[in-house]
Amino acid sequence: MGTCEGKVAIVSGATRGIGKGCALELGAQGAVVYVTGRSVSETDHVLPGTVGATAAEVSELGGHGVGVQCDHRDDGQVRKLFKQVVSTHGRLDVVVNSAFIIPNELMSGLKFWEVPLSHWGDMVDVGTRAAYVTSVLAAPIMVKQQSGLIINISSSGAEEYAWNVAYGVGKCALDRLTRDTAHELHDYGVAVVSLWPGFVRTERIDAALASDVQLPSSLTTRLETSESSRFTGRAVAALTSDGNVQRWSGQAVTSRHLAEHYAFTDLDGSLPDGPLRNRNG
């Protein structure tokens with residue numbers, strides 16, 4: 001029996017990347033995982049991945065995956081998702097906010113006045129606002145239960161320059177969202193945590209390498225110590241199964257720090273370097 005057996009989770013942005021890794025590891029520990037994203041066909045995105053494919057992998061690993069097409073810019077679709085989960089299970093234990101739009105120019109090195117204004121919408125309206133909306137919808141359910149966990153996938157970009165201005169502002173706001181929602185939810189037994197992955201070898205990075213796209217030197221020097229998306233997923237699963245998860249509530253913690261605390265490793269048995277700025281020492 002997995003350590004997350006019986007838990008009901010929503011993982012947003014789980015068609016690929018870190019969100020997918022989180023969904024898979026929750027599934028590997030026996031959870032029911034609602035996988036959300038916009039891609040339902042392999043033709044929907046230039047990168048591989050669909051909500052159905054991730055849900056199927058969750059089930060193959062021992063959990064129960066449910067793929068739900070959901071554009072997290074549409075509040076109506078998000079409300080429908082939460083209604084579906086509660087009507088089916090009567091509870092919600094975990095929400096992982098990983099929905100994010102990565103613009104093509106993110107790694108271009110262009111200055112903030114040189115990139116499209118849409119960058120702000122991608123980073124803040126999707127990344128940060130989507131986390132706020134799901135938190136608003138999850139809170140009444142979890143408050144009624146007197147239990148629950150909300151995990152916001154953030155980054156060390158919240159405290160140091162990373163990629164571009166809009167990215168950093170969005171992640172900084174996300175960490176503030178964590179602190180303030182944790183403050184208001186504390187008395188109801190609900191924990192909120194910001195999770196900082198390190199350099200994750202995602203489908204986007206692999207595609208860039210395969211096409212000989214010139215990656216920033218700050219990334220290429222870290223390829224050998226990069227982590228899989230499931231390393232952060234294991235951090236999520238560890239937090240989910242921790243009966244004293246309130247110890248982390250309101251904090252930004254790194255996947256690497258949690259690996260040391262909970263004694264887990266990446267898929268290959270390694271302990272990746274973690275973020276450029278290791279908040280936890």
# chains A, B, ... in the order shown; residues from 1 in each chain; ligands from 1
call {"tool": "select_by_dssp", "arguments": {"residues": "segment 59-91 of chain A", "states": "strand (DSSP E or B)", "output": "number ranges by chain"}}
result
A: 64-69
call {"tool": "write_last_selection", "arguments": {"atoms": "C-alpha atoms", "output": "mmCIF file, in the first residue's frame"}}
result
data_model
loop_
_atom_site.group_PDB
_atom_site.id
_atom_site.type_symbol
_atom_site.label_atom_id
_atom_site.label_comp_id
_atom_site.auth_asym_id
_atom_site.auth_seq_id
_atom_site.Cartn_x
_atom_site.Cartn_y
_atom_site.Cartn_z
ATOM 1 C CA HIS A 64 -5.909 6.161 -10.175
ATOM 2 C CA GLY A 65 -5.436 8.820 -12.803
ATOM 3 C CA VAL A 66 -8.232 10.987 -14.162
ATOM 4 C CA GLY A 67 -7.417 13.292 -17.065
ATOM 5 C CA VAL A 68 -9.410 16.522 -17.255
ATOM 6 C CA GLN A 69 -8.972 19.089 -19.994
#
call {"tool": "residues_around", "arguments": {"residues": "Leu271 of chain A", "least_positions_apart": "2", "cutoff": "8 Å", "atoms": "only C-alpha atoms", "output": "PyMOL selection string"}}
result
chain A and resi 256+259+265-266+269+273
call {"tool": "select_by_dssp", "arguments": {"residues": "segment 45-229 of chain A", "states": "alpha helix (DSSP H)", "output": "PyMOL selection string"}}
result
chain A and resi 51-60+75-89+118-120+129-145+165-185+203-210+217-220+229
call {"tool": "closest_atom_pairs", "arguments": {"of": "segment 36-128 of chain A", "to": "segment 171-181 of chain A", "cutoff": "9 Å", "atoms": "only C-alpha atoms", "output": "CSV"}}
result
residue,atom,partner,partner_atom,distance
A:Met123,CA,A:Lys171,CA,8.1
A:Val124,CA,A:Lys171,CA,8.3
A:Gly127,CA,A:Lys171,CA,8.2
A:Thr128,CA,A:Leu174,CA,5.6
call {"tool": "residues_around", "arguments": {"residues": "Thr240 of chain A", "least_positions_apart": "5", "cutoff": "9 Å", "atoms": "only C-alpha atoms", "output": "PDB file with N, CA and C atoms, in the first residue's frame"}}
result
ATOM      1  N   THR A   3       2.047   5.206   0.446  1.00  0.00           N
ATOM      2  CA  THR A   3       1.911   6.127   1.574  1.00  0.00           C
ATOM      3  C   THR A   3       0.874   7.207   1.330  1.00  0.00           C
ATOM      4  N   CYS A   4       0.423   7.360   0.075  1.00  0.00           N
ATOM      5  CA  CYS A   4      -0.629   8.333  -0.237  1.00  0.00           C
ATOM      6  C   CYS A   4      -1.938   7.630  -0.576  1.00  0.00           C
ATOM      7  N   LYS A   7      -5.646   9.188  -0.733  1.00  0.00           N
ATOM      8  CA  LYS A   7      -5.599  10.639  -0.913  1.00  0.00           C
ATOM      9  C   LYS A   7      -6.168  11.007  -2.280  1.00  0.00           C
ATOM     10  N   LEU A  26       2.662  10.894  -7.020  1.00  0.00           N
ATOM     11  CA  LEU A  26       1.476  10.716  -6.178  1.00  0.00           C
ATOM     12  C   LEU A  26       0.770   9.419  -6.558  1.00  0.00           C
ATOM     13  N   ASP A  93      -7.668  16.268  -0.810  1.00  0.00           N
ATOM     14  CA  ASP A  93      -6.552  16.274   0.137  1.00  0.00           C
ATOM     15  C   ASP A  93      -5.371  17.125  -0.301  1.00  0.00           C
ATOM     16  N   VAL A  94      -5.116  17.165  -1.605  1.00  0.00           N
ATOM     17  CA  VAL A  94      -3.907  17.822  -2.088  1.00  0.00           C
ATOM     18  C   VAL A  94      -4.200  18.576  -3.384  1.00  0.00           C
ATOM     19  N   GLY A 148      -5.752  19.313   4.802  1.00  0.00           N
ATOM     20  CA  GLY A 148      -5.468  19.511   3.388  1.00  0.00           C
ATOM     21  C   GLY A 148      -4.101  20.122   3.181  1.00  0.00           C
ATOM     22  N   LEU A 149      -3.643  20.050   1.942  1.00  0.00           N
ATOM     23  CA  LEU A 149      -2.311  20.551   1.587  1.00  0.00           C
ATOM     24  C   LEU A 149      -2.365  21.193   0.206  1.00  0.00           C
ATOM     25  N   ALA A 235       9.160  14.806  -3.674  1.00  0.00           N
ATOM     26  CA  ALA A 235       9.020  15.780  -2.589  1.00  0.00           C
ATOM     27  C   ALA A 235       7.544  16.026  -2.286  1.00  0.00           C
ATOM     28  N   VAL A 245       2.789  17.819   8.350  1.00  0.00           N
ATOM     29  CA  VAL A 245       3.194  18.694   7.252  1.00  0.00           C
ATOM     30  C   VAL A 245       3.087  20.165   7.624  1.00  0.00           C
TER      31      VAL A 245
END
call {"tool": "atom_distance", "arguments": {"atom1": "atom CA of Ser156 of chain A", "atom2": "atom CA of Glu184 of chain A"}}
result
24.1 Å
call {"tool": "residues_around", "arguments": {"residues": "Val78 of chain A", "least_positions_apart": "5", "cutoff": "10 Å", "atoms": "only C-alpha atoms", "output": "tab-separated table (two decimals) with C-alpha atoms, in the first residue's frame"}}
result
chain	number	residue	atom	x	y	z
A	12	SER	CA	-2.57	21.37	-12.56
A	36	THR	CA	-5.30	18.88	-15.67
A	69	GLN	CA	-8.97	19.09	-19.99
A	70	CYS	CA	-8.85	22.42	-18.21
A	71	ASP	CA	-7.58	25.82	-19.25
A	72	HIS	CA	-6.63	27.47	-15.97
A	73	ARG	CA	-7.22	30.88	-17.49
A	83	LYS	CA	-17.18	20.29	-8.52
A	84	GLN	CA	-16.36	17.03	-10.30
A	130	ALA	CA	-4.17	30.23	-11.53
A	133	VAL	CA	-7.96	30.62	-8.07
A	134	THR	CA	-7.36	26.97	-7.20
A	137	LEU	CA	-11.69	26.89	-4.56
call {"tool": "closest_residue", "arguments": {"among": "A:Pro275, A:Gly76, A:Gly189, A:Gly62", "to": "Ala162 of chain A", "atoms": "only C-alpha atoms"}}
result
A:Pro275
call {"tool": "residues_around", "arguments": {"residues": "Cys22 of chain A", "least_positions_apart": "3", "cutoff": "6 Å", "atoms": "only C-alpha atoms", "output": "number ranges by chain"}}
result
A: 19, 25, 233
call {"tool": "residues_around", "arguments": {"residues": "segment 53-59 of chain A", "least_positions_apart": "6", "cutoff": "9 Å", "atoms": "only C-alpha atoms", "output": "ChimeraX atom specification"}}
result
/A:14-16,20,23-28,30-35,40,65-68
call {"tool": "residues_around", "arguments": {"residues": "Leu258 of chain A", "least_positions_apart": "6", "cutoff": "12 Å", "atoms": "only C-alpha atoms", "output": "PyMOL selection string"}}
result
chain A and resi 193-197+231-239+242+245+248+252+264-266+271-272+274+278-281
call {"tool": "closest_residue", "arguments": {"among": "A:Tyr262, A:Tyr132, A:Tyr161, A:Tyr167", "to": "Asn97 of chain A", "atoms": "only C-alpha atoms"}}
result
A:Tyr132
